[in-house]
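For reference, the structure is listed below as structure tokens.
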Amino acid sequence: MELNKILKIILLALICAIAGISVYFFAAGKVSFSNKKNAELYQSNETVFVPVKNAFEHIGSIRVSTKPGKNGKSLCILVTPVLQYQADDKPFFEELDSKQKDIKELIYSYFSALTEDQLKQKNEEEIKADLLKKINSILVLQKIQAVYFSDFMFF
């Protein structure tokens with residue numbers, strides 16, 4: 001009986017501690033609760049962070065295998081593309097939203113058509129430029145300004 005009472009006191013103390021720490025960080029402004037998920041996206045350029053505004057990131061993560069190379073092996077890639085578009089263009093945002101499946105398939109087919117060697121010969125900027133051209137070719141209302149990757153990993 002006494003062990004259960006001690007465990008309840010410890011659990012209550014932990015809950016109070018977690019709640020107190022949460023209130024402290026929220027009050028100090030170190031944590032905020034916001035519905036603006038896409039308010040600002042940060043693109044890393046080594047140690048400098050540049051905010052990317054008007055970022056369309058609804059495409060999500062894409063996992064794709066490259067075309068098998070001479071050794072018969074393929075490389076698995078995880079990429080999360082983010083598309084930058086012109087400010088305050090709601091119709092264009094809606095076009096991007098309606099074509100996100102096509103954009104996702106285009107990115108998937110781009111990476112799956114390359115072998116590991118071909119992909120490693122290109123740098124990230126070349127890949128982004130290739131994808132920018134391909135994505136803009138299927139858009140009607142406007143063109144995206146840049147392609148960024150919030151995730152770009154090989155494994």
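Chain lettering (A, B, ...) mirrors the order of the structure tokens, residue numbering begins at 1 for each chain separately, and ligand numbering begins at 1 in order of display.
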Hey, what's within 10 Å of segment 114-122 of chain A if we count only C-alpha atoms and toss same-chain stuff fewer than 3 positions away? As a CSV table (one decimal) with N, CA, C and O atoms, in the first residue's frame, please?
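Ended up saving to out-v7.csv:
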chain,number,residue,atom,x,y,z
A,65,SER,N,14.3,5.1,-55.1
A,65,SER,CA,15.6,4.4,-55.4
A,65,SER,C,16.0,4.9,-56.8
A,65,SER,O,15.2,5.0,-57.7
A,66,THR,N,17.3,5.0,-56.9
A,66,THR,CA,17.9,5.4,-58.2
A,66,THR,C,17.9,4.2,-59.1
A,66,THR,O,17.7,3.0,-58.7
A,67,LYS,N,18.1,4.4,-60.4
A,67,LYS,CA,18.3,3.3,-61.4
A,67,LYS,C,19.5,2.5,-61.0
A,67,LYS,O,20.5,3.1,-60.6
A,68,PRO,N,19.4,1.2,-61.1
A,68,PRO,CA,20.6,0.4,-60.8
A,68,PRO,C,21.8,0.8,-61.7
A,68,PRO,O,21.7,1.0,-62.9
A,69,GLY,N,23.0,0.9,-61.1
A,69,GLY,CA,24.2,1.2,-61.9
A,69,GLY,C,24.9,0.0,-62.4
A,69,GLY,O,24.3,-1.1,-62.5
A,70,LYS,N,26.1,0.1,-62.9
A,70,LYS,CA,26.9,-1.0,-63.5
A,70,LYS,C,27.0,-2.1,-62.5
A,70,LYS,O,27.1,-3.3,-62.9
A,72,GLY,N,24.9,-3.0,-60.3
A,72,GLY,CA,23.6,-3.6,-60.0
A,72,GLY,C,22.9,-3.0,-58.8
A,72,GLY,O,21.8,-3.4,-58.4
A,73,LYS,N,23.6,-2.1,-58.1
A,73,LYS,CA,23.1,-1.5,-56.9
A,73,LYS,C,22.4,-0.2,-57.2
A,73,LYS,O,22.8,0.6,-58.1
A,74,SER,N,21.4,0.1,-56.4
A,74,SER,CA,20.7,1.4,-56.5
A,74,SER,C,20.9,2.1,-55.1
A,74,SER,O,21.1,1.5,-54.1
A,75,LEU,N,20.7,3.4,-55.2
A,75,LEU,CA,20.8,4.3,-54.0
A,75,LEU,C,19.4,4.7,-53.6
A,75,LEU,O,18.6,5.1,-54.4
A,76,CYS,N,19.2,4.7,-52.3
A,76,CYS,CA,17.9,5.2,-51.8
A,76,CYS,C,18.0,6.7,-51.4
A,76,CYS,O,19.0,7.0,-50.8
A,77,ILE,N,17.1,7.5,-51.9
A,77,ILE,CA,17.1,8.9,-51.6
A,77,ILE,C,15.9,9.3,-50.9
A,77,ILE,O,14.8,8.9,-51.2
A,109,SER,N,10.3,10.5,-60.7
A,109,SER,CA,10.8,10.0,-62.0
A,109,SER,C,12.2,10.6,-62.3
A,109,SER,O,13.0,9.9,-62.9
A,110,TYR,N,12.4,11.8,-61.9
A,110,TYR,CA,13.7,12.4,-62.1
A,110,TYR,C,14.8,11.6,-61.4
A,110,TYR,O,15.8,11.3,-62.0
A,111,PHE,N,14.6,11.3,-60.1
A,111,PHE,CA,15.7,10.6,-59.4
A,111,PHE,C,15.7,9.1,-59.8
A,111,PHE,O,16.8,8.6,-59.8
A,125,GLU,N,22.9,22.0,-56.4
A,125,GLU,CA,22.4,23.2,-57.2
A,125,GLU,C,22.0,22.8,-58.6
A,125,GLU,O,21.0,23.3,-59.1
A,126,GLU,N,22.7,21.8,-59.2
A,126,GLU,CA,22.3,21.4,-60.6
A,126,GLU,C,21.0,20.6,-60.5
A,126,GLU,O,20.2,20.7,-61.4
A,127,ILE,N,20.9,19.8,-59.5
A,127,ILE,CA,19.6,19.0,-59.3
A,127,ILE,C,18.5,19.9,-59.1
A,127,ILE,O,17.4,19.8,-59.7
A,154,PHE,N,21.0,10.6,-48.8
A,154,PHE,CA,21.3,9.3,-49.5
A,154,PHE,C,21.5,8.3,-48.5
A,154,PHE,O,22.1,8.5,-47.5
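Counting only C-alpha atoms and comparing A:Leu14, A:Val64, A:Ala55, A:Ile6, the residue that lies closest to Gln86 of chain A is A:Ala55.
Distances to Asp89 of chain A were evaluated for A:Ile21, A:Leu141, A:Lys134, A:Asn4 using only C-alpha atoms, and the minimum falls at A:Leu141.
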Assign secondary structure with DSSP using the backbone only, and return the residues of segment 45-150 of chain A in strand (DSSP E) as a count of residues only. 26
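Neighbouring residues of Glu57 of chain A at 9 Å or closer, counting only C-alpha atoms and skipping chain neighbours under 5 positions away, are Asn38, Thr80, Pro81, Val82, Leu83 and Gln84 of chain A.
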Resulting file, chosen residues, all heavy atoms, as a CSV table (one decimal), in the first residue's frame:
chain,number,residue,atom,x,y,z
A,38,ASN,N,3.7,27.4,-41.7
A,38,ASN,CA,4.6,27.8,-42.8
A,38,ASN,C,5.0,29.2,-42.8
A,38,ASN,O,5.3,29.8,-43.8
A,38,ASN,CB,4.0,27.4,-44.2
A,38,ASN,CG,3.6,26.0,-44.3
A,38,ASN,OD1,4.3,25.2,-43.7
A,38,ASN,ND2,2.6,25.7,-45.0
A,80,THR,N,12.8,16.1,-49.5
A,80,THR,CA,11.6,16.9,-49.1
A,80,THR,C,11.7,18.2,-49.8
A,80,THR,O,12.4,19.1,-49.3
A,80,THR,CB,11.4,17.0,-47.6
A,80,THR,OG1,11.5,15.8,-47.0
A,80,THR,CG2,10.1,17.7,-47.3
A,81,PRO,N,11.0,18.3,-51.0
A,81,PRO,CA,11.2,19.6,-51.7
A,81,PRO,C,10.3,20.7,-51.2
A,81,PRO,O,9.2,20.4,-50.7
A,81,PRO,CB,10.7,19.2,-53.1
A,81,PRO,CG,9.8,18.0,-52.9
A,81,PRO,CD,10.3,17.3,-51.7
A,82,VAL,N,10.8,21.9,-51.3
A,82,VAL,CA,10.0,23.1,-51.0
A,82,VAL,C,10.1,24.0,-52.1
A,82,VAL,O,11.2,24.3,-52.6
A,82,VAL,CB,10.6,23.8,-49.7
A,82,VAL,CG1,9.8,25.0,-49.3
A,82,VAL,CG2,10.6,22.8,-48.5
A,83,LEU,N,9.0,24.5,-52.6
A,83,LEU,CA,9.0,25.4,-53.8
A,83,LEU,C,8.7,26.8,-53.4
A,83,LEU,O,7.7,27.1,-52.7
A,83,LEU,CB,7.9,24.9,-54.8
A,83,LEU,CG,7.9,23.4,-55.1
A,83,LEU,CD1,6.7,23.1,-56.0
A,83,LEU,CD2,9.2,23.0,-55.7
A,84,GLN,N,9.5,27.8,-53.8
A,84,GLN,CA,9.3,29.2,-53.5
A,84,GLN,C,8.6,29.8,-54.7
A,84,GLN,O,8.9,29.6,-55.9
A,84,GLN,CB,10.6,29.9,-53.3
A,84,GLN,CG,10.5,31.3,-52.9
A,84,GLN,CD,11.8,32.0,-52.7
A,84,GLN,OE1,12.9,31.5,-53.1
A,84,GLN,NE2,11.8,33.2,-52.3
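Coordinates place atom CA of Val140 of chain A at a distance of 8.1 Å from atom CA of Glu95 of chain A.
Distances here use only C-alpha atoms; by that measure, the residue among A:Ile135, A:Ser150, A:Arg63, A:Lys143 closest to Ser112 of chain A is A:Arg63.
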